[in-house]
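Some notes on the structure that comes next.
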Amino acid sequence: MRQIPVDTSAATVMVAKTPEPKVKDRRTGELAVDAETGAKLMTVNVMFAANDEVEILPVTVPETGISGELAMGTPVALTGLVARPWENEFNGQKRHGIAFRAVAVTSLAATGSKAA
């Protein structure tokens with residue numbers, strides 16, 4: 001699958017919603033795990049501000065990659081952020097979008113520095 005690296009050096013990134021376990025199957029409640037490591041996956045919604053635009057992005061990150069207190073409004077660094085285009089078909093309807101995944105989400109609240 002194609003991965004596109006995302007440069008966060010000129011962006012301001014803050015937690016929009018505290019981390020939650022990523023659900024693989026909503027019908028059964030099965031939680032998502034990393035296929036390679038088996039680590040539980042989490043979703044962290046972040047406010048990504050760059051180029052005079054702001055978006056709320058759900059970012060998938062392994063539970064082991066979350067460090068520091070990630071309360072709403074906390075400035076964070078996203079390590080290894082990539083964008084992955086996806087497409088699927090359900091009930092004859094095609095859907096597509098972009099999924100974001102990071103190796104780690106680290107609180108910058110103690111350092112007071114900008115997300116890099």
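Identifiers for the structure tokens are assigned positionally: chains receive A, B, ... in sequence, residues are indexed from 1 per chain, and ligands are indexed from 1 in the order shown.
Residue neighbourhood of Glu69 (chain A), excluding near-sequence residues (fewer than 6 positions): Thr106, Ser107 and Ala109 of chain A, at 9 Å, using only C-alpha atoms.
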Restricted to N, CA and C atoms, what would the selected residues look like written as a short mmCIF file (atom, residue, chain, number, x, y, z; two decimals), in the first residue's frame?
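The resulting result_6.cif:
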```cif
data_model
loop_
_atom_site.label_atom_id
_atom_site.label_comp_id
_atom_site.auth_asym_id
_atom_site.auth_seq_id
_atom_site.Cartn_x
_atom_site.Cartn_y
_atom_site.Cartn_z
N THR A 106 3.69 12.29 21.00
CA THR A 106 4.38 12.68 22.22
C THR A 106 3.95 14.06 22.69
N SER A 107 3.59 14.17 23.95
CA SER A 107 3.19 15.45 24.53
C SER A 107 4.38 16.42 24.53
N ALA A 109 3.84 19.40 26.15
CA ALA A 109 3.40 20.35 27.18
C ALA A 109 4.54 20.74 28.10
#
```
- If you run DSSP on the backbone, which residues of chain A are strand (DSSP E or B), as a ChimeraX atom specification? /A:4-5,12-21,23-25,30-31,33,40-50,53-62,66-67,75-79,82-90,93-101,104-107
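Excluding region 12-28 of chain A itself and same-chain residues fewer than 6 positions from it, the residues having an atom within 6 Å of it are A:Leu41, A:Met42, A:Thr43, A:Val44, A:Asn45, A:Val46, A:Met47, A:Phe48, A:Ala49, A:Ala71, A:Met72, A:Gly73, A:Thr74, A:Pro75, A:Val76, A:Ala115, counting only C-alpha atoms.
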- Hey, can you check how far CA of Glu63 (chain A) sits from CA of Val103 (chain A)? 9.7 Å
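Comparing the minimum interatomic distances between Ala11 (chain A) and each of A:Leu81, A:Glu89, A:Gly97, A:Ala50, counting only C-alpha atoms, we find that A:Ala50 sits nearest.
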- Could you please determine the separation between CA of Thr79 (chain A) and CA of Glu30 (chain A) in Å, to one decimal place? 26.5 Å
- Separation of CA of Thr60 (chain A) and CA of Ile4 (chain A), in Å? 14.7 Å
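Distances here use only C-alpha atoms; by that measure, the residue among A:Phe90, A:His96, A:Pro85, A:Val105 closest to Gly65 (chain A) is A:Val105.
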